[in-house]
$ cat run29.pdb   # PDB, C-alpha atoms
ATOM      1  CA  MET A 278     -22.999-129.797 131.824  1.00  0.00           C
ATOM      2  CA  SER A 279     -24.979-132.948 132.625  1.00  0.00           C
ATOM      3  CA  ARG A 280     -28.329-131.149 132.217  1.00  0.00           C
ATOM      4  CA  ARG A 281     -27.628-130.997 128.464  1.00  0.00           C
ATOM      5  CA  ARG A 282     -27.135-134.767 128.169  1.00  0.00           C
ATOM      6  CA  LEU A 283     -29.922-136.413 126.216  1.00  0.00           C
ATOM      7  CA  GLY A 284     -30.293-139.242 128.736  1.00  0.00           C
ATOM      8  CA  TYR A 285     -30.713-136.763 131.591  1.00  0.00           C
ATOM      9  CA  LEU A 286     -33.252-134.686 129.677  1.00  0.00           C
ATOM     10  CA  LEU A 287     -35.344-137.673 128.546  1.00  0.00           C
ATOM     11  CA  LYS A 288     -35.280-139.218 132.023  1.00  0.00           C
ATOM     12  CA  HIS A 289     -36.394-136.043 133.752  1.00  0.00           C
ATOM     13  CA  ALA A 290     -38.998-135.243 131.113  1.00  0.00           C
ATOM     14  CA  ASN A 291     -40.399-138.754 131.631  1.00  0.00           C
ATOM     15  CA  LEU A 292     -40.385-138.308 135.411  1.00  0.00           C
ATOM     16  CA  ARG A 293     -42.339-135.052 135.080  1.00  0.00           C
ATOM     17  CA  LEU A 294     -44.860-136.544 132.647  1.00  0.00           C
ATOM     18  CA  THR A 295     -45.248-139.634 134.853  1.00  0.00           C
ATOM     19  CA  GLU A 296     -45.896-137.379 137.852  1.00  0.00           C
ATOM     20  CA  LEU A 297     -48.588-135.444 135.970  1.00  0.00           C
ATOM     21  CA  THR A 298     -50.300-138.514 134.515  1.00  0.00           C
ATOM     22  CA  GLY A 299     -50.141-140.353 137.837  1.00  0.00           C
ATOM     23  CA  ALA A 300     -51.949-137.512 139.558  1.00  0.00           C
ATOM     24  CA  ALA A 301     -54.473-137.300 136.713  1.00  0.00           C
ATOM     25  CA  LEU A 302     -55.227-141.044 136.897  1.00  0.00           C
ATOM     26  CA  GLU A 303     -55.379-141.318 140.681  1.00  0.00           C
ATOM     27  CA  PRO A 304     -59.118-140.447 140.905  1.00  0.00           C
ATOM     28  CA  TYR A 305     -59.858-143.412 138.629  1.00  0.00           C
ATOM     29  CA  GLY A 306     -57.949-145.928 140.729  1.00  0.00           C
ATOM     30  CA  ILE A 307     -55.312-146.777 138.114  1.00  0.00           C
ATOM     31  CA  ASP A 308     -51.730-145.820 137.441  1.00  0.00           C
ATOM     32  CA  GLY A 309     -49.915-145.115 134.189  1.00  0.00           C
ATOM     33  CA  ARG A 310     -48.867-148.716 133.613  1.00  0.00           C
ATOM     34  CA  GLU A 311     -52.403-149.986 134.194  1.00  0.00           C
ATOM     35  CA  PHE A 312     -53.707-147.286 131.842  1.00  0.00           C
ATOM     36  CA  ALA A 313     -51.286-148.478 129.144  1.00  0.00           C
ATOM     37  CA  VAL A 314     -52.439-152.089 129.523  1.00  0.00           C
ATOM     38  CA  LEU A 315     -56.116-151.139 129.549  1.00  0.00           C
ATOM     39  CA  ALA A 316     -55.687-148.903 126.476  1.00  0.00           C
ATOM     40  CA  LEU A 317     -53.869-151.651 124.581  1.00  0.00           C
ATOM     41  CA  LEU A 318     -56.529-154.234 125.458  1.00  0.00           C
ATOM     42  CA  ASP A 319     -59.262-151.902 124.182  1.00  0.00           C
ATOM     43  CA  SER A 320     -58.977-153.408 120.729  1.00  0.00           C
ATOM     44  CA  PRO A 321     -61.516-155.011 118.393  1.00  0.00           C
ATOM     45  CA  ALA A 322     -59.172-157.980 117.870  1.00  0.00           C
ATOM     46  CA  PRO A 323     -58.896-160.517 120.713  1.00  0.00           C
ATOM     47  CA  MET A 324     -55.581-160.198 122.555  1.00  0.00           C
ATOM     48  CA  SER A 325     -53.916-162.679 124.880  1.00  0.00           C
ATOM     49  CA  GLN A 326     -51.854-161.692 127.921  1.00  0.00           C
ATOM     50  CA  LEU A 327     -48.735-162.838 126.092  1.00  0.00           C
ATOM     51  CA  ASP A 328     -49.559-160.767 123.001  1.00  0.00           C
ATOM     52  CA  ALA A 329     -50.180-157.722 125.204  1.00  0.00           C
ATOM     53  CA  ALA A 330     -46.915-158.258 127.083  1.00  0.00           C
ATOM     54  CA  ARG A 331     -44.987-158.440 123.808  1.00  0.00           C
ATOM     55  CA  ARG A 332     -46.640-155.291 122.454  1.00  0.00           C
ATOM     56  CA  LEU A 333     -45.819-153.370 125.645  1.00  0.00           C
ATOM     57  CA  GLY A 334     -42.314-154.802 125.960  1.00  0.00           C
ATOM     58  CA  ILE A 335     -42.826-156.268 129.434  1.00  0.00           C
ATOM     59  CA  ASP A 336     -42.203-159.763 130.725  1.00  0.00           C
ATOM     60  CA  ARG A 337     -44.973-162.333 131.131  1.00  0.00           C
ATOM     61  CA  THR A 338     -44.780-162.422 134.927  1.00  0.00           C
ATOM     62  CA  THR A 339     -45.259-158.674 135.187  1.00  0.00           C
ATOM     63  CA  MET A 340     -48.161-158.805 132.731  1.00  0.00           C
ATOM     64  CA  VAL A 341     -49.891-161.557 134.734  1.00  0.00           C
ATOM     65  CA  ALA A 342     -49.592-159.444 137.888  1.00  0.00           C
ATOM     66  CA  MET A 343     -50.929-156.368 136.108  1.00  0.00           C
ATOM     67  CA  VAL A 344     -53.881-158.243 134.588  1.00  0.00           C
ATOM     68  CA  ASP A 345     -54.601-159.817 137.986  1.00  0.00           C
ATOM     69  CA  ALA A 346     -54.702-156.335 139.546  1.00  0.00           C
ATOM     70  CA  LEU A 347     -56.965-154.975 136.793  1.00  0.00           C
ATOM     71  CA  GLU A 348     -59.210-158.009 137.138  1.00  0.00           C
ATOM     72  CA  ARG A 349     -59.520-157.449 140.909  1.00  0.00           C
ATOM     73  CA  LYS A 350     -60.620-153.894 140.115  1.00  0.00           C
ATOM     74  CA  ASP A 351     -63.232-155.306 137.690  1.00  0.00           C
ATOM     75  CA  LEU A 352     -61.597-153.460 134.786  1.00  0.00           C
ATOM     76  CA  VAL A 353     -60.687-156.521 132.669  1.00  0.00           C
ATOM     77  CA  ARG A 354     -61.798-160.132 132.334  1.00  0.00           C
ATOM     78  CA  ARG A 355     -60.219-163.241 130.924  1.00  0.00           C
ATOM     79  CA  ARG A 356     -62.088-165.601 128.618  1.00  0.00           C
ATOM     80  CA  PRO A 357     -61.068-168.464 126.331  1.00  0.00           C
ATOM     81  CA  HIS A 358     -59.608-167.377 122.992  1.00  0.00           C
ATOM     82  CA  PRO A 359     -62.168-168.069 120.232  1.00  0.00           C
ATOM     83  CA  ASP A 360     -59.562-169.664 117.919  1.00  0.00           C
ATOM     84  CA  ASP A 361     -57.086-171.238 120.366  1.00  0.00           C
ATOM     85  CA  ARG A 362     -58.290-173.045 123.497  1.00  0.00           C
ATOM     86  CA  ARG A 363     -54.778-172.902 124.980  1.00  0.00           C
ATOM     87  CA  LYS A 364     -54.924-169.089 125.241  1.00  0.00           C
ATOM     88  CA  ASN A 365     -57.046-166.683 127.200  1.00  0.00           C
ATOM     89  CA  VAL A 366     -58.202-163.372 125.779  1.00  0.00           C
ATOM     90  CA  VAL A 367     -58.043-160.400 128.111  1.00  0.00           C
ATOM     91  CA  GLU A 368     -60.551-157.641 127.450  1.00  0.00           C
ATOM     92  CA  PRO A 369     -61.921-154.592 129.262  1.00  0.00           C
ATOM     93  CA  THR A 370     -65.158-155.003 131.187  1.00  0.00           C
ATOM     94  CA  GLU A 371     -67.924-152.429 130.883  1.00  0.00           C
ATOM     95  CA  ARG A 372     -66.418-150.702 133.910  1.00  0.00           C
ATOM     96  CA  GLY A 373     -63.001-150.921 132.234  1.00  0.00           C
ATOM     97  CA  HIS A 374     -64.326-149.183 129.107  1.00  0.00           C
ATOM     98  CA  GLU A 375     -65.904-146.447 131.238  1.00  0.00           C
ATOM     99  CA  THR A 376     -62.726-145.978 133.276  1.00  0.00           C
ATOM    100  CA  LEU A 377     -60.611-145.902 130.140  1.00  0.00           C
ATOM    101  CA  GLY A 378     -62.856-143.241 128.594  1.00  0.00           C
ATOM    102  CA  VAL A 379     -62.448-140.791 131.475  1.00  0.00           C
ATOM    103  CA  ALA A 380     -58.798-141.766 131.994  1.00  0.00           C
ATOM    104  CA  ARG A 381     -57.974-140.906 128.380  1.00  0.00           C
ATOM    105  CA  ILE A 382     -59.392-137.425 128.895  1.00  0.00           C
ATOM    106  CA  ALA A 383     -57.338-137.049 132.095  1.00  0.00           C
ATOM    107  CA  VAL A 384     -54.144-138.244 130.381  1.00  0.00           C
ATOM    108  CA  ASP A 385     -54.755-135.890 127.441  1.00  0.00           C
ATOM    109  CA  ALA A 386     -55.047-132.998 129.926  1.00  0.00           C
ATOM    110  CA  ALA A 387     -51.862-134.087 131.728  1.00  0.00           C
ATOM    111  CA  GLU A 388     -49.981-134.275 128.426  1.00  0.00           C
ATOM    112  CA  GLU A 389     -51.294-130.846 127.473  1.00  0.00           C
ATOM    113  CA  GLU A 390     -50.057-129.454 130.797  1.00  0.00           C
ATOM    114  CA  PHE A 391     -46.677-131.145 130.278  1.00  0.00           C
ATOM    115  CA  LEU A 392     -46.330-129.528 126.842  1.00  0.00           C
ATOM    116  CA  SER A 393     -47.769-126.164 127.893  1.00  0.00           C
ATOM    117  CA  SER A 394     -44.391-124.413 127.876  1.00  0.00           C
ATOM    118  CA  LEU A 395     -43.996-125.247 124.167  1.00  0.00           C
ATOM    119  CA  SER A 396     -45.730-123.581 121.252  1.00  0.00           C
ATOM    120  CA  GLY A 397     -48.232-125.754 119.409  1.00  0.00           C
ATOM    121  CA  GLY A 398     -45.754-126.265 116.599  1.00  0.00           C
ATOM    122  CA  ASP A 399     -42.968-127.255 118.975  1.00  0.00           C
ATOM    123  CA  ALA A 400     -45.262-129.658 120.851  1.00  0.00           C
ATOM    124  CA  GLY A 401     -46.212-131.329 117.574  1.00  0.00           C
ATOM    125  CA  LEU A 402     -42.584-131.425 116.473  1.00  0.00           C
ATOM    126  CA  LEU A 403     -41.564-133.079 119.747  1.00  0.00           C
ATOM    127  CA  ARG A 404     -44.168-135.810 119.226  1.00  0.00           C
ATOM    128  CA  ASP A 405     -43.122-136.287 115.589  1.00  0.00           C
ATOM    129  CA  VAL A 406     -39.430-136.600 116.459  1.00  0.00           C
ATOM    130  CA  LEU A 407     -40.078-139.002 119.337  1.00  0.00           C
ATOM    131  CA  GLU A 408     -42.261-141.164 117.079  1.00  0.00           C
ATOM    132  CA  ARG A 409     -39.334-141.421 114.657  1.00  0.00           C
ATOM    133  CA  LEU A 410     -36.928-142.364 117.460  1.00  0.00           C
ATOM    134  CA  VAL A 411     -39.143-144.978 119.125  1.00  0.00           C
ATOM    135  CA  PRO A 412     -39.563-148.161 117.084  1.00  0.00           C
ATOM    136  CA  PRO A 413     -43.108-149.423 116.562  1.00  0.00           C
ATOM    137  CA  PRO A 414     -44.242-152.178 118.931  1.00  0.00           C
ATOM    138  CA  ALA A 415     -43.557-155.759 117.879  1.00  0.00           C
ATOM    139  CA  GLY A 416     -46.418-157.878 116.623  1.00  0.00           C
TER     140      GLY A 416
END

$ encode --input "run29.pdb" --output "structure tokens"
Amino acid sequence: MSRRRLGYLLKHANLRLTELTGAALEPYGIDGREFAVLALLDSPAPMSQLDAARRLGIDRTTMVAMVDALERKDLVRRRPHPDDRRKNVVEPTERGHETLGVARIAVDAAEEEFLSSLSGGDAGLLRDVLERLVPPPAG
């Protein structure tokens, strides 16, 4: 039966989680992809658009469009890299930090709802197994 195929199960689990997180993030004016970018950029070390794109596994053109959208929402800003004038650092604005703070709480609640049919041990096991299957980000 196709419902037992791993690809089917992972795809539909992802669709359900995406649905829950999308609804949770909607009040904050961002979607799941923008949340991922904003969360990654919330780092003490300066990060360029290219570095962020590599870490997230997305192409440069898509990253530029996403940063442009976040910048229009006043959630991130670009500034010259302190060590390399050829690069720009992208970092959350004050509003971006505030949005990220409440968005993280909303995403945590959506993930909790997604995992609610599992016992605490099974939910932790699922995370542990997925972490072993997904390689760490490059760079």

$ closest_atom_pairs --input "run29.pdb" --of "stretch 356-382 of chain A" --to "stretch 317-322 of chain A" --cutoff "7 Å" --atoms "all atoms listed in the file" --output "tab-separated table"
residue	atom	partner	partner_atom	distance
A:Val367	CA	A:Leu318	CA	6.9
A:Glu368	CA	A:Leu318	CA	5.6
A:Pro369	CA	A:Asp319	CA	6.3

$ resolve_selection --input "run29.pdb" --expression "the PyMOL selection byres ((chain A and resi 356) around 12)" --output "ChimeraX atom specification"
/A:323-326,348,353-355,357-370

$ axis_aligned_box --input "run29.pdb" --around "stretch 374-385 of chain A" --padding-each-side "4 Å" --output "lines of an AutoDock Vina configuration file"
center_x = -60.0
center_y = -142.5
center_z = 130.4
size_x = 19.8
size_y = 21.3
size_z = 13.8

$ atom_distance --input "run29.pdb" --atom1 "atom CA of A:His289" --atom2 "atom CA of A:Ala380"
23.2 Å

$ atom_distance --input "run29.pdb" --atom1 "atom CA of A:Leu287" --atom2 "atom CA of A:Leu302"
21.8 Å

$ atom_distance --input "run29.pdb" --atom1 "atom CA of A:Thr338" --atom2 "atom CA of A:Glu371"
25.5 Å

$ build_atoms --input "run29.pdb" --residues "stretch 395-411 of chain A" --atoms "N, CA and C atoms" --output "PDB file, in the frame of the given file"
ATOM      1  N   LEU A 395     -44.383-125.234 125.577  1.00  0.00           N
ATOM      2  CA  LEU A 395     -43.996-125.247 124.167  1.00  0.00           C
ATOM      3  C   LEU A 395     -45.103-124.633 123.314  1.00  0.00           C
ATOM      4  N   SER A 396     -44.714-124.043 122.203  1.00  0.00           N
ATOM      5  CA  SER A 396     -45.730-123.581 121.252  1.00  0.00           C
ATOM      6  C   SER A 396     -46.389-124.819 120.651  1.00  0.00           C
ATOM      7  N   GLY A 397     -47.545-124.632 120.044  1.00  0.00           N
ATOM      8  CA  GLY A 397     -48.232-125.754 119.409  1.00  0.00           C
ATOM      9  C   GLY A 397     -47.372-126.455 118.381  1.00  0.00           C
ATOM     10  N   GLY A 398     -46.642-125.679 117.604  1.00  0.00           N
ATOM     11  CA  GLY A 398     -45.754-126.265 116.599  1.00  0.00           C
ATOM     12  C   GLY A 398     -44.625-127.065 117.213  1.00  0.00           C
ATOM     13  N   ASP A 399     -44.050-126.535 118.304  1.00  0.00           N
ATOM     14  CA  ASP A 399     -42.968-127.255 118.975  1.00  0.00           C
ATOM     15  C   ASP A 399     -43.480-128.529 119.638  1.00  0.00           C
ATOM     16  N   ALA A 400     -44.683-128.475 120.220  1.00  0.00           N
ATOM     17  CA  ALA A 400     -45.262-129.658 120.851  1.00  0.00           C
ATOM     18  C   ALA A 400     -45.491-130.748 119.805  1.00  0.00           C
ATOM     19  N   GLY A 401     -46.009-130.364 118.653  1.00  0.00           N
ATOM     20  CA  GLY A 401     -46.212-131.329 117.574  1.00  0.00           C
ATOM     21  C   GLY A 401     -44.896-131.878 117.049  1.00  0.00           C
ATOM     22  N   LEU A 402     -43.901-131.004 116.937  1.00  0.00           N
ATOM     23  CA  LEU A 402     -42.584-131.425 116.473  1.00  0.00           C
ATOM     24  C   LEU A 402     -41.966-132.422 117.443  1.00  0.00           C
ATOM     25  N   LEU A 403     -42.100-132.154 118.746  1.00  0.00           N
ATOM     26  CA  LEU A 403     -41.564-133.079 119.747  1.00  0.00           C
ATOM     27  C   LEU A 403     -42.186-134.464 119.576  1.00  0.00           C
ATOM     28  N   ARG A 404     -43.496-134.518 119.429  1.00  0.00           N
ATOM     29  CA  ARG A 404     -44.168-135.810 119.226  1.00  0.00           C
ATOM     30  C   ARG A 404     -43.670-136.492 117.946  1.00  0.00           C
ATOM     31  N   ASP A 405     -43.568-135.723 116.866  1.00  0.00           N
ATOM     32  CA  ASP A 405     -43.122-136.287 115.589  1.00  0.00           C
ATOM     33  C   ASP A 405     -41.714-136.873 115.700  1.00  0.00           C
ATOM     34  N   VAL A 406     -40.815-136.135 116.328  1.00  0.00           N
ATOM     35  CA  VAL A 406     -39.430-136.600 116.459  1.00  0.00           C
ATOM     36  C   VAL A 406     -39.366-137.840 117.353  1.00  0.00           C
ATOM     37  N   LEU A 407     -40.084-137.833 118.454  1.00  0.00           N
ATOM     38  CA  LEU A 407     -40.078-139.002 119.337  1.00  0.00           C
ATOM     39  C   LEU A 407     -40.663-140.225 118.635  1.00  0.00           C
ATOM     40  N   GLU A 408     -41.694-140.038 117.828  1.00  0.00           N
ATOM     41  CA  GLU A 408     -42.261-141.164 117.079  1.00  0.00           C
ATOM     42  C   GLU A 408     -41.240-141.754 116.109  1.00  0.00           C
ATOM     43  N   ARG A 409     -40.373-140.912 115.557  1.00  0.00           N
ATOM     44  CA  ARG A 409     -39.334-141.421 114.657  1.00  0.00           C
ATOM     45  C   ARG A 409     -38.250-142.163 115.423  1.00  0.00           C
ATOM     46  N   LEU A 410     -37.985-141.742 116.654  1.00  0.00           N
ATOM     47  CA  LEU A 410     -36.928-142.364 117.460  1.00  0.00           C
ATOM     48  C   LEU A 410     -37.365-143.660 118.127  1.00  0.00           C
ATOM     49  N   VAL A 411     -38.640-143.797 118.419  1.00  0.00           N
ATOM     50  CA  VAL A 411     -39.143-144.978 119.125  1.00  0.00           C
ATOM     51  C   VAL A 411     -39.666-145.976 118.100  1.00  0.00           C
TER      52      VAL A 411
END
